[in-house]
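Just work_4.tsv here, TSV, C-alpha atoms and all ligand atoms:
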```tsv
chain	number	residue	atom	x	y	z
C	1	MET	CA	-7.38	10.03	-2.14
C	2	LEU	CA	-9.41	7.45	-0.18
C	3	VAL	CA	-7.18	4.46	0.39
C	4	LEU	CA	-8.20	1.09	1.76
C	5	VAL	CA	-5.18	-0.38	3.55
C	6	ILE	CA	-5.22	-4.15	3.83
C	7	ASN	CA	-3.03	-6.44	5.88
C	8	SER	CA	-4.09	-9.98	5.04
C	9	GLY	CA	-2.97	-12.84	7.20
C	10	SER	CA	-3.73	-16.49	6.69
C	11	SER	CA	-6.78	-16.34	8.97
C	12	SER	CA	-7.51	-12.62	9.29
C	13	LEU	CA	-7.82	-9.47	7.26
C	14	LYS	CA	-7.07	-6.16	8.98
C	15	TYR	CA	-8.15	-3.02	7.22
C	16	GLN	CA	-8.19	0.75	7.50
C	17	VAL	CA	-9.74	3.41	5.34
C	18	ARG	CA	-7.68	6.60	5.17
C	19	ASP	CA	-8.03	9.91	3.42
C	20	THR	CA	-4.52	10.83	2.35
C	21	ALA	CA	-5.54	14.42	1.69
C	22	ASN	CA	-5.73	15.10	5.42
C	23	GLY	CA	-4.47	11.91	7.09
C	24	GLU	CA	-7.96	11.18	8.44
C	25	LEU	CA	-8.72	7.63	9.56
C	26	LEU	CA	-12.31	6.83	8.49
C	27	ALA	CA	-12.50	3.20	9.51
C	28	LYS	CA	-10.47	0.48	11.06
C	29	GLY	CA	-11.30	-3.13	11.71
C	30	ILE	CA	-10.53	-6.77	11.42
C	31	ILE	CA	-12.29	-9.73	9.85
C	32	ASP	CA	-10.95	-12.85	11.46
C	33	ARG	CA	-11.58	-16.58	11.48
C	34	ILE	CA	-11.02	-16.76	7.74
C	35	GLY	CA	-11.19	-20.44	6.83
C	36	GLU	CA	-14.05	-21.19	9.21
C	37	ASP	CA	-17.67	-21.68	8.13
C	38	ALA	CA	-18.87	-18.08	8.25
C	39	VAL	CA	-15.87	-16.71	6.30
C	40	PRO	CA	-14.53	-19.57	4.17
C	41	ASP	CA	-11.90	-17.55	2.25
C	42	HIS	CA	-10.45	-14.11	1.53
C	43	GLY	CA	-13.19	-13.48	-1.04
C	44	ALA	CA	-15.82	-13.94	1.67
C	45	ALA	CA	-13.83	-11.66	3.96
C	46	LEU	CA	-13.92	-9.01	1.27
C	47	GLU	CA	-17.70	-9.42	0.85
C	48	GLU	CA	-18.04	-8.78	4.57
C	49	LEU	CA	-15.76	-5.75	4.30
C	50	SER	CA	-17.79	-4.33	1.41
C	51	ARG	CA	-20.93	-4.63	3.58
C	52	ARG	CA	-19.24	-2.57	6.28
C	53	LEU	CA	-17.82	0.14	4.04
C	54	PRO	CA	-20.87	2.17	2.89
C	55	ASP	CA	-21.58	3.26	6.48
C	56	VAL	CA	-18.14	4.80	6.87
C	57	LEU	CA	-17.65	6.19	3.37
C	58	GLY	CA	-20.65	8.54	3.44
C	59	GLY	CA	-21.27	8.31	-0.32
C	60	ARG	CA	-17.59	8.49	-1.30
C	61	SER	CA	-15.79	5.56	-2.85
C	62	ILE	CA	-12.42	3.90	-2.44
C	63	ASP	CA	-9.81	5.24	-4.91
C	64	ALA	CA	-7.03	2.74	-4.29
C	65	VAL	CA	-6.09	-0.27	-2.19
C	66	GLY	CA	-2.70	-0.60	-0.50
C	67	HIS	CA	-1.51	-4.00	0.69
C	68	ARG	CA	1.09	-4.73	3.30
C	69	VAL	CA	3.25	-7.49	1.82
C	70	VAL	CA	5.84	-9.05	4.10
C	71	HIS	CA	8.40	-10.30	1.61
C	72	GLY	CA	9.60	-8.49	-1.48
C	73	GLY	CA	12.74	-10.58	-1.86
C	74	GLU	CA	15.54	-8.98	-3.85
C	75	ARG	CA	13.23	-7.63	-6.49
C	76	PHE	CA	11.17	-4.98	-4.74
C	77	SER	CA	12.87	-1.90	-3.35
C	78	GLU	CA	9.79	0.29	-3.38
C	79	PRO	CA	5.99	0.13	-3.53
C	80	VAL	CA	4.60	-1.05	-6.87
C	81	LEU	CA	1.32	-0.90	-8.71
C	82	VAL	CA	-0.04	-4.45	-8.78
C	83	ASN	CA	-0.72	-6.40	-11.94
C	84	ASN	CA	-0.90	-10.14	-12.62
C	85	GLU	CA	2.83	-10.48	-13.00
C	86	ILE	CA	3.43	-8.73	-9.66
C	87	VAL	CA	0.98	-11.02	-7.82
C	88	ARG	CA	2.72	-14.05	-9.29
C	89	SER	CA	6.03	-12.63	-8.18
C	90	ILE	CA	4.68	-12.20	-4.63
C	91	GLU	CA	3.51	-15.82	-4.74
C	92	ARG	CA	6.90	-17.00	-6.01
C	93	LEU	CA	8.46	-15.45	-2.90
C	94	SER	CA	6.23	-17.61	-0.69
C	95	PRO	CA	9.00	-20.03	0.32
C	96	LEU	CA	10.65	-17.07	2.05
C	97	ALA	CA	7.47	-16.09	3.94
C	98	PRO	CA	5.22	-19.17	3.92
C	99	LEU	CA	2.56	-17.73	6.24
C	100	HIS	CA	2.45	-14.20	4.91
C	101	ASN	CA	3.01	-13.94	1.17
C	102	PRO	CA	0.32	-16.44	0.08
C	103	ALA	CA	-2.20	-14.56	2.25
C	104	SER	CA	-1.22	-11.23	0.70
C	105	ALA	CA	-1.62	-12.69	-2.78
C	106	ARG	CA	-5.07	-14.04	-1.85
C	107	GLY	CA	-6.06	-10.62	-0.51
C	108	ILE	CA	-4.92	-8.91	-3.72
C	109	ARG	CA	-6.80	-11.40	-5.93
C	110	ALA	CA	-9.94	-11.07	-3.82
C	111	VAL	CA	-9.89	-7.28	-4.23
C	112	HIS	CA	-9.31	-7.64	-7.96
C	113	ASP	CA	-12.27	-10.03	-8.28
C	114	LYS	CA	-14.52	-7.74	-6.27
C	115	TRP	CA	-13.41	-4.34	-7.63
C	116	PRO	CA	-11.49	-5.00	-10.87
C	117	LYS	CA	-11.04	-1.31	-11.72
C	118	ILE	CA	-9.50	-0.12	-8.46
C	119	PRO	CA	-5.71	0.29	-8.59
C	120	GLN	CA	-3.82	-1.77	-6.03
C	121	VAL	CA	-0.37	-1.15	-4.62
C	122	ALA	CA	1.89	-3.60	-2.80
C	123	VAL	CA	4.06	-2.13	-0.04
C	124	PHE	CA	6.84	-4.46	1.11
C	125	ASP	CA	8.23	-4.88	4.62
C	126	THR	CA	11.63	-5.75	3.21
C	127	ALA	CA	11.90	-2.91	0.67
C	128	PHE	CA	13.52	-0.30	2.92
C	129	HIS	CA	16.42	-2.68	3.58
C	130	ARG	CA	17.30	-3.15	-0.11
C	131	THR	CA	20.09	-0.62	0.52
C	132	LEU	CA	21.99	-2.99	2.84
C	133	PRO	CA	25.59	-3.37	1.66
C	134	GLU	CA	26.76	-6.90	0.91
C	135	GLN	CA	28.91	-7.02	4.06
C	136	ALA	CA	25.67	-6.72	6.05
C	137	TRP	CA	23.36	-8.97	4.03
C	138	ARG	CA	25.77	-11.87	3.45
C	139	TYR	CA	25.83	-14.80	5.82
C	140	ALA	CA	29.18	-16.57	6.07
C	141	LEU	CA	27.74	-19.60	4.32
C	142	PRO	CA	28.53	-21.23	0.97
C	143	ASN	CA	27.42	-19.05	-1.92
C	144	SER	CA	25.39	-21.94	-3.35
C	145	LEU	CA	22.84	-21.45	-0.55
C	146	TYR	CA	22.34	-17.87	-1.62
C	147	ARG	CA	22.05	-18.80	-5.29
C	148	ARG	CA	19.81	-21.81	-4.81
C	149	TYR	CA	17.55	-20.65	-1.97
C	150	GLY	CA	18.07	-16.91	-1.71
C	151	ILE	CA	19.51	-17.32	1.77
C	152	ARG	CA	20.68	-13.86	2.84
C	153	ARG	CA	19.64	-11.10	5.22
C	154	TYR	CA	16.48	-9.33	4.04
C	155	GLY	CA	15.30	-7.47	7.14
C	156	PHE	CA	11.71	-6.52	8.04
C	157	HIS	CA	9.67	-3.65	9.60
C	158	GLY	CA	10.88	-1.59	6.63
C	159	THR	CA	7.62	0.35	6.28
C	160	SER	CA	7.96	1.43	9.89
C	161	TYR	CA	11.62	2.44	9.57
C	162	GLY	CA	10.86	4.31	6.35
C	163	TYR	CA	8.24	6.32	8.24
C	164	VAL	CA	10.07	6.83	11.53
C	165	ALA	CA	13.54	7.72	10.20
C	166	PRO	CA	12.50	10.89	8.33
C	167	ALA	CA	10.08	11.82	11.13
C	168	ALA	CA	12.91	11.62	13.69
C	169	ALA	CA	15.24	13.59	11.41
C	170	ARG	CA	12.65	16.35	10.94
C	171	PHE	CA	12.06	16.45	14.72
C	172	LEU	CA	15.77	17.15	15.18
C	173	GLY	CA	15.95	19.62	12.30
C	174	ILE	CA	18.20	17.31	10.27
C	175	GLU	CA	17.79	16.72	6.54
C	176	PRO	CA	16.31	13.14	6.31
C	177	GLY	CA	18.86	12.20	3.62
C	178	GLU	CA	21.70	13.12	5.99
C	179	PHE	CA	20.40	11.36	9.07
C	180	ASP	CA	22.49	8.72	10.86
C	181	ALA	CA	20.62	6.85	13.58
C	182	VAL	CA	19.88	3.66	15.41
C	183	ILE	CA	16.15	2.89	15.45
C	184	ALA	CA	14.57	0.18	17.61
C	185	HIS	CA	11.14	-1.02	16.45
C	186	LEU	CA	9.88	-2.91	19.50
C	187	GLY	CA	6.50	-4.61	19.14
C	188	ASN	CA	5.56	-8.27	19.46
C	189	GLY	CA	8.10	-8.68	16.71
C	190	ALA	CA	11.13	-6.50	17.36
C	191	SER	CA	14.16	-5.36	15.40
C	192	VAL	CA	16.82	-2.67	15.24
C	193	ALA	CA	18.00	-0.81	12.16
C	194	ALA	CA	21.23	1.07	11.45
C	195	ILE	CA	20.42	4.16	9.40
C	196	GLN	CA	23.13	6.05	7.52
C	197	GLY	CA	22.31	8.98	5.28
C	198	GLY	CA	18.64	8.12	5.76
C	199	ARG	CA	19.10	4.60	4.36
C	200	SER	CA	19.20	1.23	6.05
C	201	ILE	CA	22.72	-0.22	6.21
C	202	ASP	CA	22.04	-3.03	8.68
C	203	THR	CA	19.17	-4.59	10.59
C	204	SER	CA	18.79	-7.34	13.14
C	205	MET	CA	16.13	-9.48	11.46
C	206	GLY	CA	17.59	-11.65	8.75
C	207	PHE	CA	16.46	-14.30	6.29
C	208	THR	CA	13.26	-14.46	8.35
C	209	PRO	CA	11.81	-12.25	11.12
C	210	LEU	CA	13.31	-14.59	13.74
C	211	GLU	CA	16.88	-13.34	14.01
C	212	GLY	CA	18.07	-10.66	16.39
C	213	LEU	CA	16.30	-9.35	19.45
C	214	VAL	CA	14.39	-11.24	22.12
C	215	MET	CA	10.72	-10.89	21.07
C	216	GLY	CA	7.32	-11.74	22.54
C	217	THR	CA	7.46	-15.41	21.58
C	218	ARG	CA	10.54	-15.54	19.29
C	219	SER	CA	14.01	-16.41	20.50
C	220	GLY	CA	16.01	-14.03	18.33
C	221	ASP	CA	19.71	-14.96	18.07
C	222	VAL	CA	20.68	-18.45	19.21
C	223	ASP	CA	23.65	-20.66	18.46
C	224	PRO	CA	22.52	-22.48	15.27
C	225	SER	CA	24.09	-25.66	16.60
C	226	ILE	CA	21.31	-25.83	19.15
C	227	LEU	CA	18.97	-26.66	16.26
C	228	VAL	CA	21.29	-29.35	14.94
C	229	PHE	CA	21.55	-30.77	18.45
C	230	LEU	CA	17.77	-30.84	18.84
C	231	LEU	CA	17.29	-32.43	15.40
C	232	ARG	CA	19.56	-35.23	16.55
C	233	GLU	CA	17.51	-35.47	19.73
C	234	GLY	CA	14.44	-36.20	17.61
C	235	TYR	CA	12.90	-32.76	17.06
C	236	ASP	CA	11.58	-32.19	13.55
C	237	ALA	CA	11.23	-29.05	11.44
C	238	ASP	CA	7.70	-28.23	12.64
C	239	THR	CA	8.50	-28.62	16.33
C	240	LEU	CA	11.61	-26.47	15.93
C	241	ASP	CA	9.61	-23.85	14.07
C	242	ASP	CA	7.04	-23.77	16.89
C	243	LEU	CA	9.74	-23.74	19.53
C	244	LEU	CA	11.66	-20.79	18.08
C	245	ASN	CA	8.74	-18.71	16.80
C	246	ARG	CA	5.95	-19.36	19.26
C	247	GLU	CA	7.33	-20.79	22.52
C	248	SER	CA	10.50	-18.78	23.08
C	249	GLY	CA	11.43	-15.16	23.75
C	250	LEU	CA	9.83	-13.25	26.62
C	251	LEU	CA	7.20	-15.98	26.94
C	252	ALA	CA	9.78	-18.68	27.59
C	253	LEU	CA	11.83	-16.58	30.00
C	254	GLY	CA	9.14	-14.71	31.88
C	255	ALA	CA	5.97	-16.77	31.37
C	256	ALA	CA	4.27	-13.91	29.48
C	257	SER	CA	4.81	-12.46	26.02
C	258	ASP	CA	3.09	-9.15	26.74
C	259	MET	CA	5.32	-6.33	27.97
C	260	ARG	CA	2.67	-4.83	30.25
C	261	THR	CA	2.23	-8.13	32.09
C	262	LEU	CA	5.98	-8.57	32.46
C	263	VAL	CA	6.62	-5.06	33.75
C	264	GLU	CA	3.90	-5.46	36.36
C	265	ALA	CA	5.12	-8.88	37.41
C	266	ALA	CA	8.71	-7.66	37.67
C	267	ALA	CA	7.60	-4.69	39.79
C	268	GLY	CA	5.87	-7.18	42.08
C	269	GLY	CA	9.12	-9.11	42.56
C	270	ASP	CA	8.60	-11.89	40.01
C	271	GLU	CA	12.11	-13.22	39.27
C	272	ALA	CA	11.29	-14.85	35.93
C	273	ALA	CA	9.76	-11.62	34.62
C	274	THR	CA	12.81	-9.67	35.81
C	275	LEU	CA	15.11	-12.11	34.01
C	276	ALA	CA	13.07	-11.80	30.81
C	277	LEU	CA	13.37	-8.00	30.88
C	278	ASN	CA	17.09	-8.21	31.63
C	279	VAL	CA	17.88	-10.64	28.82
C	280	ALA	CA	15.83	-8.61	26.34
C	281	SER	CA	17.21	-5.17	27.31
C	282	TYR	CA	20.79	-6.48	27.48
C	283	ARG	CA	20.53	-7.94	23.96
C	284	LEU	CA	19.00	-4.71	22.65
C	285	ALA	CA	21.71	-2.58	24.29
C	286	LYS	CA	24.39	-4.69	22.61
C	287	TYR	CA	22.74	-4.20	19.20
C	288	ILE	CA	22.48	-0.45	19.79
C	289	GLY	CA	26.21	-0.32	20.58
C	290	ALA	CA	27.02	-2.33	17.47
C	291	TYR	CA	24.86	-0.20	15.17
C	292	HIS	CA	26.19	3.04	16.68
C	293	VAL	CA	29.57	1.79	15.38
C	294	ALA	CA	28.06	0.58	12.07
C	295	VAL	CA	26.70	4.03	11.17
C	296	GLY	CA	29.92	5.76	12.23
C	297	GLY	CA	28.34	7.43	15.25
C	298	ALA	CA	24.58	7.88	15.30
C	299	GLN	CA	23.01	11.33	15.62
C	300	ALA	CA	20.13	9.84	17.60
C	301	LEU	CA	18.72	6.71	19.19
C	302	VAL	CA	15.04	6.26	18.41
C	303	PHE	CA	12.40	4.01	20.04
C	304	THR	CA	9.18	3.10	18.27
C	305	ALA	CA	6.21	0.62	18.15
C	306	GLY	CA	4.11	-0.76	21.03
C	307	ILE	CA	6.92	-1.35	23.53
C	308	GLY	CA	9.23	1.36	22.25
C	309	GLU	CA	6.50	4.00	22.47
C	310	ASN	CA	4.84	2.91	25.70
C	311	ALA	CA	7.02	0.80	27.98
C	312	TRP	CA	9.14	3.47	29.74
C	313	GLU	CA	10.45	0.83	32.11
C	314	PHE	CA	11.92	-1.15	29.24
C	315	ARG	CA	13.43	1.98	27.65
C	316	GLU	CA	15.01	2.82	31.00
C	317	LEU	CA	16.46	-0.68	31.44
C	318	THR	CA	17.94	-0.47	27.95
C	319	VAL	CA	19.35	3.07	27.96
C	320	ASN	CA	20.83	2.59	31.45
C	321	ARG	CA	23.10	0.01	29.83
C	322	LEU	CA	24.46	2.59	27.34
C	323	GLY	CA	26.58	4.59	29.80
C	324	ALA	CA	29.76	3.68	27.91
C	325	LEU	CA	28.39	5.62	24.92
C	326	GLY	CA	27.66	8.67	27.08
C	327	ILE	CA	23.94	8.31	26.42
C	328	THR	CA	21.81	9.32	29.41
C	329	LEU	CA	18.08	9.27	29.91
C	330	ASP	CA	16.03	12.02	31.53
C	331	PRO	CA	13.99	9.77	33.84
C	332	GLU	CA	11.06	12.18	34.05
C	333	ALA	CA	10.83	12.88	30.36
C	334	ASN	CA	11.07	9.14	29.76
C	335	ARG	CA	8.06	8.45	31.97
C	336	LYS	CA	5.78	10.99	30.31
C	337	ARG	CA	3.21	9.45	28.00
C	338	GLY	CA	2.38	11.00	24.68
C	339	SER	CA	1.40	10.33	21.12
C	340	GLU	CA	3.85	12.81	19.57
C	341	ALA	CA	7.56	12.51	18.83
C	342	ARG	CA	9.50	13.49	21.95
C	343	LEU	CA	12.95	13.79	23.48
C	344	ILE	CA	13.67	11.58	26.51
C	345	SER	CA	17.40	12.13	27.07
C	346	THR	CA	19.21	14.72	29.20
C	347	ALA	CA	20.70	17.86	27.64
C	348	ASP	CA	24.22	16.50	28.17
C	349	SER	CA	23.54	13.06	26.69
C	350	ALA	CA	26.12	12.28	23.97
C	351	ILE	CA	23.25	11.92	21.48
C	352	PRO	CA	19.52	12.56	21.81
C	353	VAL	CA	17.20	9.65	22.58
C	354	LEU	CA	13.74	9.99	21.02
C	355	VAL	CA	10.38	8.27	21.09
C	356	VAL	CA	8.80	8.57	17.63
C	357	PRO	CA	5.42	6.87	17.12
C	358	THR	CA	5.21	4.70	14.05
C	359	ASP	CA	2.14	4.32	11.86
C	360	GLU	CA	2.60	1.59	9.29
C	361	GLU	CA	-0.93	1.95	7.92
C	362	GLU	CA	-0.52	5.65	7.35
C	363	ALA	CA	2.80	4.95	5.64
C	364	ILE	CA	1.12	2.35	3.40
C	365	ALA	CA	-1.75	4.72	2.60
C	366	GLU	CA	0.66	7.50	1.63
C	367	ALA	CA	2.85	5.18	-0.43
C	368	THR	CA	-0.25	3.87	-2.19
C	369	ALA	CA	-1.54	7.34	-3.03
C	370	GLU	CA	1.89	8.40	-4.34
C	371	THR	CA	2.36	5.29	-6.45
C	372	VAL	CA	-1.11	5.53	-7.96
C	373	ALA	CA	-0.72	9.24	-8.69
C	374	ARG	CA	2.63	8.56	-10.39
C	375	ASP	CA	2.02	5.30	-12.24
C	376	PHE	CA	-1.68	4.59	-12.66
C	377	ALA	CA	-2.57	7.28	-15.15
C	378	ALA	CA	0.34	6.30	-17.41
C	379	PRO	CA	-0.92	5.50	-20.93
C	380	ALA	CA	-1.25	1.80	-21.69
C	381	GLY	CA	2.02	0.28	-22.76
C	382	ALA	CA	4.12	3.19	-21.53
C	383	ALA	CA	4.62	2.02	-17.97
C	384	GLY	CA	7.47	-0.35	-17.35
C	385	SER	CA	8.27	-0.77	-21.02
E	401	LIG	P1	2.85	-5.83	16.82
E	401	LIG	O1	2.38	-4.72	15.90
E	401	LIG	O2	4.23	-6.31	16.51
E	401	LIG	O3	1.87	-6.93	17.05
E	401	LIG	P2	2.79	-3.71	18.84
E	401	LIG	O4	3.66	-2.71	18.17
E	401	LIG	O5	1.35	-3.43	18.96
E	401	LIG	O6	3.04	-5.16	18.26
E	401	LIG	O7	3.40	-3.93	20.31
E	401	LIG	C1	2.90	-4.86	21.19
E	401	LIG	C2	3.70	-4.79	22.48
E	401	LIG	O8	3.60	-3.45	23.01
E	401	LIG	C3	3.20	-5.72	23.57
E	401	LIG	O9	4.28	-6.35	24.22
E	401	LIG	C4	2.50	-4.78	24.53
E	401	LIG	O10	2.55	-5.24	25.86
E	401	LIG	C5	3.33	-3.52	24.40
E	401	LIG	N1	2.57	-2.38	24.87
E	401	LIG	C6	1.49	-1.80	24.30
E	401	LIG	N2	1.01	-0.79	25.09
E	401	LIG	C7	1.81	-0.76	26.17
E	401	LIG	C8	1.84	0.04	27.37
E	401	LIG	N3	0.95	1.00	27.56
E	401	LIG	N4	2.81	-0.22	28.26
E	401	LIG	C9	3.72	-1.19	28.04
E	401	LIG	N5	3.75	-1.97	26.97
E	401	LIG	C10	2.81	-1.77	26.04
```
Now that the file is in, can you turn its structure into structure tokens?
Ligand code: ADP
Amino acid sequence: MLVLVINSGSSSLKYQVRDTANGELLAKGIIDRIGEDAVPDHGAALEELSRRLPDVLGGRSIDAVGHRVVHGGERFSEPVLVNNEIVRSIERLSPLAPLHNPASARGIRAVHDKWPKIPQVAVFDTAFHRTLPEQAWRYALPNSLYRRYGIRRYGFHGTSYGYVAPAAARFLGIEPGEFDAVIAHLGNGASVAAIQGGRSIDTSMGFTPLEGLVMGTRSGDVDPSILVFLLREGYDADTLDDLLNRESGLLALGAASDMRTLVEAAAGGDEAATLALNVASYRLAKYIGAYHVAVGGAQALVFTAGIGENAWEFRELTVNRLGALGITLDPEANRKRGSEARLISTADSAIPVLVVPTDEEEAIAEATAETVARDFAAPAGAAGS
């Protein structure tokens, strides 16, 4: 099946065309500056995309479109075939993801307007974490906040965890449904997930993708009273939002949000960069220890995404803090580059440490093909009734 994978942001539309029969990537690109003169809206972005497609399709046509949707709230625990009611539901979840969900809905509507007959599937970043037990998703706040605003832990990067967890299990020869692990998805946004029996039982991102680890420009965990203090000092909601999401994290500590820049600077003796790496790896190591306990003893520790797959220095800093768990890195194996799943711990490490590349677009393409094959051909009126 030829699947067009779309990740629509408020000002950009990233796309890939994939053949799920053989995993082939036929095209990949981005249309940005949506909202400016040349590309006034998502419809215009889609017109531009449809001009680019014939060259790469070689006479074939798109069978289905899969959308990355950030927030599925409490409703969506798996990918769904999109209809009007589903788009409205994605829009209704906008208060929980004000930048992302409206853009996804616009992308879906633009595709529907352009190609009304093509089936569309929404794949949610939160869905994989719908298995979190209440002890993990509850905040110790009055229940009225949960009822009125849906304030609870949702978790993100679910598409990535849902792809990496079974891949890591298969690499180790373990049945994916029996796999207990701690997985660290470390990109510009970063989180950790506790996997038990192949399912997510805890994760570091919460109500929004801000909680947890130190990220490129996001603070991760802070004492919430800091925000109250700053409000009293005259900060308002927008300045706090900018502060925590765009001016904090590695950028605030080390004057760069990009891991490559920081690693180089630290190697050259830059103290701020060294501090940034220490704060981030220390926080991550604490989460790994906590989630090792949460899953009742992980069978593996897994690194994935841009930093997790590539920054051996950061993996080393992190795993060297895990001595109390008996986890030891093989420094040479850790330094080797590669695009395949690989083992980077010593033979006598208490549990194996793996690098397993993630591929969210491939995961979305596969989920889209499966959902369409299962649900699209259903006779009218039969599905969902
Ligand atoms: P996202 O998808 O969240 O935007 P990515 O998963 O692409 O992010 O990860 C981006 C991060 O990965 C950046 O901090 C970048 O510096 C880091 N990264 C990418 N390649 C390398 C590399 N070769 N060495 C070290 N860090 C890398």
Contacts of stretch 368-379 of chain C at 12 Å (all atoms listed in the file; same-chain gap of 2+ positions) as a VMD selection string: chain C and resid 1 to 6 18 to 21 23 62 to 68 78 to 83 117 to 124 361 to 366 381 to 385
Write out as JSON an axis-aligned box for ligand LIG 401 (chain E): all of its atoms listed in the file, 8 Å added on each side, centre and edge lengths in Å with one decimal.
```
{"center_x": 2.6, "center_y": -3.0, "center_z": 22.1, "size_x": 19.3, "size_y": 23.9, "size_z": 28.4}
```
query: So which residues touch C:Pro352 within 9 Å, counting only C-alpha atoms, skipping near sequence neighbours fewer than 2 positions away, as a VMD selection string?
result: chain C and resid 172 299 to 302 327 to 329 343 to 350 354
Could I get the residue neighbourhood of ligand LIG 401 (chain E) at 9 Å, counting only C-alpha atoms and all ligand atoms, as a PDB file with C-alpha atoms, keeping the file's coordinate frame?
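So the final result, stored in part_11.pdb, reads:
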```pdb
ATOM      1  CA  HIS C 185      11.140  -1.020  16.450  1.00  0.00           C
ATOM      2  CA  LEU C 186       9.880  -2.910  19.500  1.00  0.00           C
ATOM      3  CA  GLY C 187       6.500  -4.610  19.140  1.00  0.00           C
ATOM      4  CA  ASN C 188       5.560  -8.270  19.460  1.00  0.00           C
ATOM      5  CA  GLY C 189       8.100  -8.680  16.710  1.00  0.00           C
ATOM      6  CA  ALA C 190      11.130  -6.500  17.360  1.00  0.00           C
ATOM      7  CA  MET C 215      10.720 -10.890  21.070  1.00  0.00           C
ATOM      8  CA  GLY C 216       7.320 -11.740  22.540  1.00  0.00           C
ATOM      9  CA  SER C 257       4.810 -12.460  26.020  1.00  0.00           C
ATOM     10  CA  ASP C 258       3.090  -9.150  26.740  1.00  0.00           C
ATOM     11  CA  MET C 259       5.320  -6.330  27.970  1.00  0.00           C
ATOM     12  CA  ARG C 260       2.670  -4.830  30.250  1.00  0.00           C
ATOM     13  CA  THR C 261       2.230  -8.130  32.090  1.00  0.00           C
ATOM     14  CA  LEU C 262       5.980  -8.570  32.460  1.00  0.00           C
ATOM     15  CA  VAL C 263       6.620  -5.060  33.750  1.00  0.00           C
ATOM     16  CA  THR C 304       9.180   3.100  18.270  1.00  0.00           C
ATOM     17  CA  ALA C 305       6.210   0.620  18.150  1.00  0.00           C
ATOM     18  CA  GLY C 306       4.110  -0.760  21.030  1.00  0.00           C
ATOM     19  CA  ILE C 307       6.920  -1.350  23.530  1.00  0.00           C
ATOM     20  CA  GLY C 308       9.230   1.360  22.250  1.00  0.00           C
ATOM     21  CA  GLU C 309       6.500   4.000  22.470  1.00  0.00           C
ATOM     22  CA  ASN C 310       4.840   2.910  25.700  1.00  0.00           C
ATOM     23  CA  ALA C 311       7.020   0.800  27.980  1.00  0.00           C
ATOM     24  CA  TRP C 312       9.140   3.470  29.740  1.00  0.00           C
ATOM     25  CA  GLU C 313      10.450   0.830  32.110  1.00  0.00           C
ATOM     26  CA  PHE C 314      11.920  -1.150  29.240  1.00  0.00           C
ATOM     27  CA  ARG C 337       3.210   9.450  28.000  1.00  0.00           C
ATOM     28  CA  THR C 358       5.210   4.700  14.050  1.00  0.00           C
TER      29      THR C 358
END
```
- prompt: So what do you get for atom CA of C:Thr126 versus atom CA of C:Phe156, distance-wise?
  reply: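 Between atom CA of C:Thr126 and atom CA of C:Phe156 the gap is 4.9 Å.
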